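Text of the file work.tsv, holding TSV, C-alpha atoms:
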chain	number	residue	atom	x	y	z
A	1	MET	CA	128.63	-161.27	90.41
A	2	LEU	CA	125.67	-163.62	90.75
A	3	THR	CA	122.29	-162.06	90.14
A	4	ARG	CA	118.78	-163.42	90.22
A	5	THR	CA	115.57	-161.46	90.38
A	6	SER	CA	112.87	-162.26	92.85
A	7	SER	CA	110.23	-159.89	91.48
A	8	GLY	CA	106.78	-161.25	90.89
A	9	ARG	CA	107.05	-163.84	93.60
A	10	ALA	CA	105.54	-161.79	96.33
A	11	GLY	CA	102.74	-163.27	98.37
A	12	VAL	CA	100.43	-161.69	100.88
A	13	ARG	CA	101.51	-161.06	104.43
A	14	GLY	CA	99.76	-163.68	106.50
A	15	THR	CA	101.45	-164.01	109.88
A	16	ALA	CA	99.86	-162.74	113.06
A	17	PRO	CA	101.13	-159.35	114.19
A	18	ILE	CA	103.59	-159.06	117.07
A	19	ARG	CA	101.51	-158.30	120.18
A	20	ILE	CA	103.19	-155.61	122.28
A	21	LEU	CA	102.69	-154.42	125.86
A	22	LEU	CA	103.90	-150.83	126.29
A	23	VAL	CA	105.07	-149.78	129.76
A	24	ASP	CA	105.97	-146.16	130.50
A	25	ASP	CA	104.73	-143.63	133.01
A	26	HIS	CA	104.69	-140.82	130.45
A	27	VAL	CA	101.51	-140.67	128.40
A	28	LEU	CA	103.17	-138.68	125.64
A	29	LEU	CA	105.86	-141.33	125.17
A	30	ARG	CA	103.23	-144.06	125.01
A	31	GLU	CA	101.24	-142.08	122.47
A	32	GLY	CA	104.35	-141.54	120.36
A	33	VAL	CA	105.33	-145.20	120.36
A	34	ARG	CA	101.77	-146.23	119.60
A	35	ALA	CA	101.72	-143.84	116.65
A	36	VAL	CA	104.93	-145.34	115.24
A	37	VAL	CA	103.84	-148.94	115.76
A	38	SER	CA	100.40	-148.30	114.27
A	39	THR	CA	102.03	-147.63	110.89
A	40	GLN	CA	103.28	-151.24	110.74
A	41	SER	CA	101.09	-154.14	109.73
A	42	ASP	CA	103.20	-156.78	111.46
A	43	MET	CA	102.89	-155.41	115.00
A	44	GLU	CA	100.27	-153.93	117.34
A	45	ILE	CA	100.04	-152.46	120.82
A	46	VAL	CA	97.68	-154.71	122.76
A	47	GLY	CA	98.06	-153.10	126.16
A	48	GLU	CA	99.63	-150.26	128.12
A	49	ALA	CA	100.81	-149.83	131.69
A	50	SER	CA	102.09	-146.78	133.55
A	51	GLY	CA	104.00	-148.58	136.30
A	52	GLY	CA	105.92	-151.74	137.12
A	53	GLY	CA	103.18	-153.36	139.17
A	54	GLU	CA	100.59	-152.75	136.49
A	55	ALA	CA	103.03	-154.10	133.89
A	56	ILE	CA	103.35	-157.39	135.73
A	57	ALA	CA	99.57	-157.73	135.98
A	58	GLU	CA	99.00	-156.79	132.36
A	59	TYR	CA	101.69	-159.18	131.18
A	60	ALA	CA	99.98	-162.02	133.04
A	61	ARG	CA	96.59	-161.05	131.62
A	62	LEU	CA	97.56	-160.35	128.02
A	63	GLN	CA	100.53	-162.69	127.49
A	64	PRO	CA	102.02	-160.38	124.84
A	65	ASP	CA	104.78	-161.43	122.47
A	66	LEU	CA	106.97	-158.55	123.54
A	67	VAL	CA	107.21	-155.82	126.19
A	68	LEU	CA	108.57	-152.30	125.73
A	69	MET	CA	109.63	-151.28	129.24
A	70	ASP	CA	110.66	-147.95	130.75
A	71	LEU	CA	113.14	-148.20	133.63
A	72	GLN	CA	112.24	-145.34	135.94
A	73	MET	CA	108.66	-145.44	137.17
A	74	ALA	CA	107.08	-144.30	140.38
A	75	ASP	CA	105.73	-147.46	141.97
A	76	MET	CA	108.26	-150.08	140.90
A	77	SER	CA	111.40	-149.82	138.78
A	78	GLY	CA	111.51	-151.33	135.34
A	79	LEU	CA	114.38	-153.55	136.49
A	80	ASP	CA	112.22	-155.07	139.21
A	81	ALA	CA	109.33	-155.50	136.79
A	82	ILE	CA	111.61	-157.25	134.26
A	83	ALA	CA	112.86	-159.62	136.93
A	84	ALA	CA	109.31	-160.37	138.11
A	85	ILE	CA	108.01	-161.03	134.61
A	86	ARG	CA	110.97	-163.22	133.70
A	87	ALA	CA	110.58	-165.14	136.97
A	88	THR	CA	107.17	-166.35	135.89
A	89	SER	CA	107.76	-166.27	132.12
A	90	PRO	CA	111.43	-167.11	131.46
A	91	HIS	CA	111.00	-166.66	127.72
A	92	ALA	CA	109.40	-163.22	127.92
A	93	ARG	CA	110.92	-160.86	125.38
A	94	ILE	CA	111.52	-157.42	126.80
A	95	ILE	CA	113.09	-154.30	125.31
A	96	VAL	CA	114.09	-151.46	127.61
A	97	LEU	CA	113.28	-147.93	126.48
A	98	THR	CA	115.23	-145.43	128.53
A	99	THR	CA	116.97	-142.10	128.66
A	100	TYR	CA	119.94	-143.66	130.53
A	101	ALA	CA	122.99	-144.35	128.37
A	102	GLY	CA	125.17	-145.46	131.30
A	103	ASP	CA	126.39	-149.02	131.56
A	104	GLY	CA	125.11	-149.72	135.07
A	105	ARG	CA	121.41	-149.92	134.33
A	106	ALA	CA	122.00	-151.55	130.95
A	107	ILE	CA	124.04	-154.39	132.42
A	108	LYS	CA	121.47	-154.90	135.17
A	109	ALA	CA	118.62	-154.92	132.67
A	110	LEU	CA	120.32	-157.39	130.34
A	111	ARG	CA	121.28	-159.66	133.22
A	112	ALA	CA	117.69	-159.47	134.46
A	113	GLY	CA	116.58	-160.82	131.11
A	114	ALA	CA	115.99	-157.84	128.82
A	115	MET	CA	116.90	-158.62	125.23
A	116	GLY	CA	117.03	-155.07	123.95
A	117	TYR	CA	118.16	-151.72	125.30
A	118	LEU	CA	117.19	-148.60	123.38
A	119	LEU	CA	117.69	-144.95	124.14
A	120	LYS	CA	114.55	-142.87	123.81
A	121	ALA	CA	116.54	-140.31	121.83
A	122	SER	CA	117.03	-142.85	119.03
A	123	LEU	CA	113.65	-144.58	119.14
A	124	ARG	CA	112.53	-143.11	115.87
A	125	ASN	CA	115.25	-144.90	113.94
A	126	GLN	CA	115.66	-148.10	115.89
A	127	LEU	CA	112.38	-149.08	117.50
A	128	LEU	CA	110.82	-151.09	114.69
A	129	GLU	CA	114.04	-152.91	113.84
A	130	ALA	CA	114.58	-153.76	117.49
A	131	ILE	CA	111.04	-155.08	117.92
A	132	ARG	CA	111.44	-157.40	114.97
A	133	SER	CA	114.92	-158.58	115.98
A	134	VAL	CA	113.95	-159.35	119.55
A	135	HIS	CA	110.69	-160.99	118.51
A	136	HIS	CA	112.80	-163.38	116.42
A	137	GLY	CA	114.91	-164.24	119.44
A	138	GLY	CA	117.86	-161.91	118.97
A	139	LYS	CA	119.29	-159.19	121.16
A	140	HIS	CA	119.43	-155.54	120.16
A	141	LEU	CA	121.56	-152.74	121.58
A	142	ASP	CA	122.37	-149.22	120.64
A	143	ALA	CA	126.09	-149.41	119.83
A	144	SER	CA	126.87	-146.51	122.14
A	145	VAL	CA	125.33	-148.48	125.01
A	146	ALA	CA	127.23	-151.59	123.94
A	147	THR	CA	130.47	-149.64	124.08
A	148	ALA	CA	129.67	-148.35	127.56
A	149	ILE	CA	128.80	-151.86	128.68
A	150	ALA	CA	132.01	-153.27	127.23
A	151	LEU	CA	134.10	-150.76	129.15
A	152	HIS	CA	132.80	-152.00	132.49
A	153	VAL	CA	131.13	-155.38	132.08
A	154	LEU	CA	134.20	-157.16	133.42
A	155	ASP	CA	134.60	-154.81	136.39
A	156	GLU	CA	133.84	-155.99	139.89
A	157	ASP	CA	130.26	-155.04	140.81
A	158	LEU	CA	129.51	-152.65	143.65
A	159	THR	CA	128.02	-154.45	146.63
A	160	GLU	CA	124.59	-153.46	147.93
A	161	ARG	CA	126.26	-151.95	150.97
A	162	GLU	CA	128.63	-149.90	148.83
A	163	VAL	CA	125.69	-148.61	146.80
A	164	SER	CA	123.92	-147.62	150.02
A	165	VAL	CA	126.99	-145.82	151.33
A	166	LEU	CA	127.57	-143.94	148.10
A	167	THR	CA	123.90	-143.00	147.75
A	168	LEU	CA	123.93	-141.48	151.22
A	169	ALA	CA	127.18	-139.68	150.39
A	170	ALA	CA	125.53	-138.31	147.27
A	171	TRP	CA	122.88	-136.71	149.48
A	172	GLY	CA	125.55	-134.86	151.43
A	173	ASN	CA	125.96	-137.16	154.42
A	174	SER	CA	129.33	-137.32	156.16
A	175	ASN	CA	130.94	-140.65	156.96
A	176	LYS	CA	129.73	-140.26	160.55
A	177	GLN	CA	126.15	-139.62	159.41
A	178	ILE	CA	126.29	-142.56	156.98
A	179	ALA	CA	127.57	-144.79	159.75
A	180	ALA	CA	124.68	-143.76	161.97
A	181	ARG	CA	122.10	-144.27	159.22
A	182	LEU	CA	123.39	-147.74	158.33
A	183	GLU	CA	124.27	-148.75	161.90
A	184	LEU	CA	127.91	-149.25	161.01
A	185	SER	CA	131.12	-147.95	162.54
A	186	GLU	CA	132.70	-144.91	160.92
A	187	GLU	CA	135.79	-147.02	160.18
A	188	THR	CA	133.65	-149.50	158.27
A	189	VAL	CA	132.17	-146.68	156.20
A	190	LYS	CA	135.68	-145.42	155.45
A	191	GLY	CA	136.58	-148.93	154.33
A	192	HIS	CA	133.60	-149.01	151.97
A	193	MET	CA	134.58	-145.61	150.60
A	194	LYS	CA	138.11	-146.79	149.95
A	195	ALA	CA	136.80	-149.84	148.10
A	196	LEU	CA	134.43	-147.64	146.10
A	197	PHE	CA	137.22	-145.32	145.04
A	198	ALA	CA	139.24	-148.29	143.81
A	199	LYS	CA	136.34	-149.91	141.91
A	200	LEU	CA	135.27	-146.65	140.28
A	201	GLY	CA	138.71	-145.22	139.69
A	202	ALA	CA	137.69	-142.15	141.68
A	203	ASN	CA	139.92	-139.63	143.41
A	204	ASP	CA	137.50	-138.58	146.14
A	205	ARG	CA	133.86	-138.96	147.23
A	206	THR	CA	132.56	-136.25	144.92
A	207	HIS	CA	134.30	-137.87	141.99
A	208	ALA	CA	132.92	-141.27	143.02
A	209	VAL	CA	129.36	-139.94	143.20
A	210	THR	CA	129.72	-138.27	139.81
A	211	ILE	CA	131.01	-141.44	138.17
A	212	ALA	CA	128.41	-143.67	139.79
A	213	ALA	CA	125.54	-141.36	138.86
A	214	LYS	CA	126.74	-141.04	135.28
A	215	ARG	CA	127.06	-144.80	134.94
A	216	GLY	CA	123.68	-145.46	136.53
A	217	LEU	CA	125.12	-147.32	139.50
A	218	ILE	CA	123.23	-145.24	142.05
A	219	GLU	CA	119.78	-143.63	141.98
A	220	LEU	CA	119.57	-139.98	142.94
B	1	MET	CA	118.95	-159.95	94.47
B	2	THR	CA	122.66	-159.76	93.74
B	3	PHE	CA	125.26	-161.99	95.38
B	4	LEU	CA	128.94	-161.12	95.45
B	5	VAL	CA	132.03	-162.96	96.62
B	6	ALA	CA	134.77	-160.70	98.01
B	7	GLU	CA	137.08	-160.07	100.93
B	8	ILE	CA	135.13	-157.52	102.92
B	9	ASP	CA	136.96	-154.60	104.50
B	10	VAL	CA	135.10	-154.52	107.80
B	11	VAL	CA	136.00	-150.91	108.51
B	12	ARG	CA	135.45	-149.33	105.13
B	13	THR	CA	132.38	-151.19	103.94
B	14	ALA	CA	129.32	-148.96	104.04
B	15	ASP	CA	126.78	-151.76	103.87
B	16	ASP	CA	123.53	-151.29	105.76
B	17	LEU	CA	124.23	-154.51	107.65
B	18	LEU	CA	127.53	-156.20	108.42
B	19	ILE	CA	127.15	-159.71	109.82
B	20	VAL	CA	130.05	-161.04	111.83
B	21	GLY	CA	130.33	-164.58	113.15
B	22	MET	CA	131.86	-165.10	116.58
B	23	LEU	CA	132.79	-168.32	118.31
B	24	GLU	CA	132.21	-168.98	122.00
B	25	LYS	CA	134.72	-167.41	124.31
B	26	ASP	CA	136.45	-170.62	125.36
B	27	VAL	CA	137.83	-171.09	121.88
B	28	ALA	CA	137.89	-167.46	120.85
B	29	ALA	CA	141.64	-167.23	121.11
B	30	GLY	CA	141.92	-169.31	117.98
B	31	HIS	CA	139.74	-167.00	115.91
B	32	ARG	CA	141.26	-164.52	113.49
B	33	GLY	CA	140.42	-162.41	110.46
B	34	GLY	CA	137.39	-160.19	109.94
B	35	ALA	CA	135.78	-160.49	113.35
B	36	ASP	CA	139.05	-159.83	115.12
B	37	ALA	CA	139.77	-156.85	112.86
B	38	LEU	CA	136.39	-155.41	113.76
B	39	ASP	CA	136.94	-156.05	117.46
B	40	HIS	CA	140.32	-154.34	117.27
B	41	VAL	CA	138.80	-151.23	115.69
B	42	LEU	CA	136.14	-151.23	118.41
B	43	HIS	CA	138.86	-151.42	121.09
B	44	GLY	CA	137.80	-154.86	122.25
B	45	THR	CA	134.08	-154.10	122.62
B	46	LEU	CA	132.99	-157.36	120.97
B	47	SER	CA	135.26	-159.63	122.96
B	48	ARG	CA	134.38	-157.85	126.19
B	49	LEU	CA	130.66	-158.25	125.50
B	50	ARG	CA	131.35	-161.94	125.04
B	51	GLU	CA	133.50	-162.25	128.14
B	52	GLY	CA	130.87	-160.42	130.15
B	53	GLY	CA	128.13	-162.76	129.00
B	54	ILE	CA	126.13	-160.11	127.13
B	55	PHE	CA	126.74	-162.04	123.93
B	56	THR	CA	128.13	-165.52	124.49
B	57	GLY	CA	128.69	-166.68	120.91
B	58	GLY	CA	126.38	-169.64	121.41
B	59	PHE	CA	125.24	-171.23	118.17
B	60	GLY	CA	122.53	-169.11	116.55
B	61	GLU	CA	122.63	-166.35	119.16
B	62	THR	CA	122.35	-162.90	117.58
B	63	LEU	CA	123.04	-159.37	118.74
B	64	MET	CA	122.26	-156.31	116.64
B	65	LEU	CA	124.38	-153.23	117.33
B	66	THR	CA	122.95	-150.15	115.69
B	67	ARG	CA	124.88	-147.00	114.87
B	68	PRO	CA	128.42	-148.35	115.39
B	69	PRO	CA	131.02	-145.64	116.03
B	70	GLU	CA	133.55	-144.24	113.58
B	71	PRO	CA	135.56	-145.40	111.73
B	72	ILE	CA	133.11	-148.22	111.05
B	73	ARG	CA	130.81	-147.18	108.26
B	74	ALA	CA	128.29	-150.03	108.26
B	75	GLY	CA	124.84	-148.97	109.45
B	76	THR	CA	124.30	-151.91	111.79
B	77	LEU	CA	126.51	-154.72	113.05
B	78	MET	CA	125.01	-158.12	113.60
B	79	LEU	CA	126.96	-160.55	115.74
B	80	ILE	CA	125.99	-164.14	115.18
B	81	GLY	CA	127.13	-166.95	117.45
B	82	MET	CA	128.90	-169.88	115.84
B	83	GLY	CA	129.11	-172.09	118.92
B	84	THR	CA	132.32	-173.91	119.72
B	85	SER	CA	133.38	-174.68	116.16
B	86	LEU	CA	131.93	-174.97	112.70
B	87	ALA	CA	135.00	-176.45	111.07
B	88	ALA	CA	133.34	-179.64	109.84
B	89	GLN	CA	129.67	-178.68	109.81
B	90	PRO	CA	128.55	-177.35	106.42
B	91	ALA	CA	124.87	-177.53	107.41
B	92	ALA	CA	125.54	-175.20	110.33
B	93	PHE	CA	126.88	-172.56	107.94
B	94	GLY	CA	123.60	-172.80	106.09
B	95	THR	CA	121.56	-172.31	109.25
B	96	LEU	CA	123.55	-169.26	110.30
B	97	THR	CA	123.49	-167.75	106.82
B	98	GLY	CA	119.74	-168.16	106.87
B	99	LEU	CA	119.50	-166.29	110.18
B	100	ALA	CA	121.68	-163.54	108.78
B	101	MET	CA	119.61	-163.22	105.62
B	102	GLN	CA	116.40	-163.12	107.66
B	103	ALA	CA	117.79	-160.18	109.62
B	104	ALA	CA	118.88	-158.37	106.47
B	105	LEU	CA	115.41	-158.78	104.99
B	106	ARG	CA	113.72	-157.67	108.21
B	107	ILE	CA	115.56	-154.37	108.31
B	108	GLY	CA	115.21	-153.84	104.58
B	109	ALA	CA	118.95	-153.74	103.96
B	110	ALA	CA	119.94	-152.71	100.45
B	111	ALA	CA	123.46	-154.03	100.98
B	112	ALA	CA	124.71	-156.63	103.45
B	113	GLY	CA	128.07	-158.25	104.03
B	114	CYS	CA	128.36	-161.65	105.68
B	115	LEU	CA	131.50	-162.73	107.54
B	116	LEU	CA	130.65	-165.97	109.25
B	117	GLY	CA	134.31	-166.69	109.59
B	118	TRP	CA	134.12	-169.99	107.79
B	119	SER	CA	136.58	-168.86	105.17
B	120	GLU	CA	139.11	-168.15	107.91
B	121	LEU	CA	139.04	-171.70	109.17
B	122	ASP	CA	141.40	-174.36	108.03
B	123	LEU	CA	138.59	-175.92	106.06
B	124	PRO	CA	139.46	-179.21	104.38
B	125	ALA	CA	139.36	-178.86	100.60
B	126	ALA	CA	136.60	-181.42	100.42
B	127	LEU	CA	134.33	-179.20	102.52
B	128	VAL	CA	134.69	-175.96	100.53
B	129	GLU	CA	131.90	-176.76	98.05
B	130	PRO	CA	129.55	-178.33	100.62
B	131	SER	CA	129.97	-175.33	102.90
B	132	ALA	CA	129.39	-172.81	100.10
B	133	THR	CA	126.38	-174.80	98.91
B	134	ALA	CA	124.89	-174.84	102.41
B	135	MET	CA	125.40	-171.11	102.80
B	136	MET	CA	123.66	-170.25	99.57
B	137	ARG	CA	120.82	-172.66	100.33
B	138	GLY	CA	120.43	-171.05	103.75
B	139	ALA	CA	120.27	-167.59	102.22
B	140	LEU	CA	117.77	-168.61	99.55
B	141	ALA	CA	115.58	-170.45	102.03
B	142	ALA	CA	115.32	-167.28	104.08
B	143	ILE	CA	114.38	-165.31	100.96
B	144	ASP	CA	111.78	-167.91	100.02
B	145	ALA	CA	110.28	-167.74	103.49
B	146	GLN	CA	110.08	-163.96	103.27
B	147	LEU	CA	108.57	-164.14	99.79
B	148	GLY	CA	105.76	-166.18	101.29
B	149	LEU	CA	104.89	-163.11	103.34
B	150	GLU	CA	105.67	-160.07	101.26
B	151	SER	CA	107.81	-158.74	98.44
B	152	VAL	CA	111.57	-158.59	98.82
B	153	ALA	CA	113.37	-155.37	97.96
B	154	PRO	CA	116.54	-155.53	95.87
B	155	MET	CA	119.63	-156.31	97.91
B	156	THR	CA	123.33	-156.80	97.29
B	157	TRP	CA	124.66	-159.58	99.50
B	158	THR	CA	128.39	-160.18	99.80
B	159	PHE	CA	129.87	-163.44	101.03
B	160	ASP	CA	133.25	-162.76	102.62
B	161	ILE	CA	135.92	-165.08	101.27
B	162	ARG	CA	139.53	-164.91	102.36
B	163	ASN	CA	140.83	-168.46	102.31
B	164	GLY	CA	142.15	-168.60	98.77
B	165	ASP	CA	139.23	-170.70	97.59
B	166	GLY	CA	137.20	-167.83	96.19
B	167	ALA	CA	136.85	-169.32	92.71
B	168	ARG	CA	135.67	-172.71	93.95
B	169	THR	CA	133.37	-171.05	96.41
B	170	ALA	CA	131.84	-168.77	93.79
B	171	THR	CA	131.27	-171.72	91.47
B	172	ALA	CA	129.47	-173.66	94.19
B	173	LEU	CA	127.37	-170.62	95.15
B	174	ALA	CA	126.45	-170.01	91.52
B	175	ALA	CA	125.41	-173.61	91.02
B	176	VAL	CA	122.88	-173.39	93.84
B	177	LEU	CA	121.63	-170.00	92.68
B	178	ALA	CA	121.14	-171.30	89.14
B	179	GLY	CA	118.79	-173.94	90.47
B	180	TRP	CA	116.74	-171.47	92.49
B	181	THR	CA	113.21	-171.26	91.13
Please express what this file holds, its structure, as structure tokens.
Amino acid sequence: MLTRTSSGRAGVRGTAPIRILLVDDHVLLREGVRAVVSTQSDMEIVGEASGGGEAIAEYARLQPDLVLMDLQMADMSGLDAIAAIRATSPHARIIVLTTYAGDGRAIKALRAGAMGYLLKASLRNQLLEAIRSVHHGGKHLDASVATAIALHVLDEDLTEREVSVLTLAAWGNSNKQIAARLELSEETVKGHMKALFAKLGANDRTHAVTIAAKRGLIEL
Amino acid sequence: MTFLVAEIDVVRTADDLLIVGMLEKDVAAGHRGGADALDHVLHGTLSRLREGGIFTGGFGETLMLTRPPEPIRAGTLMLIGMGTSLAAQPAAFGTLTGLAMQAALRIGAAAAGCLLGWSELDLPAALVEPSATAMMRGALAAIDAQLGLESVAPMTWTFDIRNGDGARTATALAAVLAGWT
């Protein structure tokens, strides 16, 4: 055992606080996060936004060190906002705060440039650690999300068309109705369904919708 | 601050932070030991994250995984990328150890275990001391940097050693620590 004491060598915190933009359409969530962050001397909320479009504008105006981003918002999804911000600021550091534990949205968010993915249910324990890790250039995931990602990250992605077909199926449309809505032949829709079943490991359309919704591959 | 040298049981250790080094995927097949044991327990989660590009293993890349599942008892896992190979780069071990120590200090870990995987490599005998020296210097530099900002809470830090050179490694680590002022 090698022991040395470091007591008595403490200095005074002197670095600038981490400047955070908080994006969520729920006021109560924003107030809760602000309350937690306000207890820390090395970070501060410098701006808030309630939608994706406002987030992009506020990011450009404030140039924060880090963004805490909800995924589901009325005017523009968090995924689209992440992509837009990273398109103009490739080094932007963004942590997703979400209720979705499924792999679909997490993989999309990380591939869009998010560096952290936290579940709102565990914010109390993980938020501050995640902010500091990501600010220092690391990535941060809830391990349960990482496990879900690992199960499917090597799977073949659903195509945009397959997502459209399955979303319409989720709303109760028959193959014939889906074909009409998407201006496809019914045989083509059946082909997409067959491919979806194979990719998702589903037995039928109900099973496919259930799996896709649970994994965050379709929006309902 | 207490430093230990031991072979860490990656499943049973209940440290607040367990740091695991991972190489890039193109040479990952040659890796063995602690990181692979952890990946096995996690049913391939770590290697799949790497294959899927979520964590590539690039030098200095880090990924914190909080609340790992049973039977892992560590509070948080930290993956740290070691690039393509560190076999003959003692200074690189120092850099990565510094990153790991910074993370441990940031989260206020009371106990941290560090498996950079260097002790699993076929390290030439002549590089054992230089590598150990670089690691300890990296750790102490991170502590010094933190001390410039605020106080550092007591922590037990374990260097994982499993290459049969534990005694030489411990001696080299102790020599650097003795000179720390």
Which is closest to Arg12 (chain B) among B:Leu63, B:Ala74, B:Ala92, B:Ala37, if we use all atoms listed in the file? B:Ala74
Give me, as an NGL selection string, the contact residues of chain B against chain A at a cut-off of 7 Å, counting only C-alpha atoms. :B and (1-4 or 45 or 48-49 or 52 or 61-68 or 107 or 147-151 or 174)
Pairwise distance, CA of Met82 (chain B) with CA of Gly117 (chain B), equals 8.9 Å
Specify the axis-aligned box that encloses all atoms of region 120-137 of chain A listed in the file after padding of 5 Å on each side, stating its centre and edge lengths in Å to one decimal as lines of an AutoDock Vina configuration file.
center_x = 113.9
center_y = -152.3
center_z = 118.8
size_x = 16.3
size_y = 33.9
size_z = 20.0
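Of note, CA of Gly57 (chain B) and CA of Leu23 (chain B) are spaced 5.1 Å apart.
The two atoms in question, CA of Phe59 (chain B) and CA of Tyr117 (chain A), are spaced 21.9 Å apart.
Shortest atom-to-atom contact with His91 (chain A) among A:Lys108, A:Asp65, A:Ala212, A:Ala74: A:Asp65, counting all atoms listed in the file.
The shortest atom-to-atom distance to Ala134 (chain B), with all atoms listed in the file taken into account, belongs to B:Ala175 out of B:Met78, B:Ala175, B:Val152, B:Ala110.
Among the candidates B:Pro124, B:Pro130, B:Gly44, B:Pro154, the residue lying nearest to Thr169 (chain B) is B:Pro130 (atoms considered: only C-alpha atoms).
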List as a PyMOL selection string: which residues have an atom within 6 Å of (113.9, -163.6, 133.9), counting only C-alpha atoms? chain A and resi 83+86-87+90+112-113
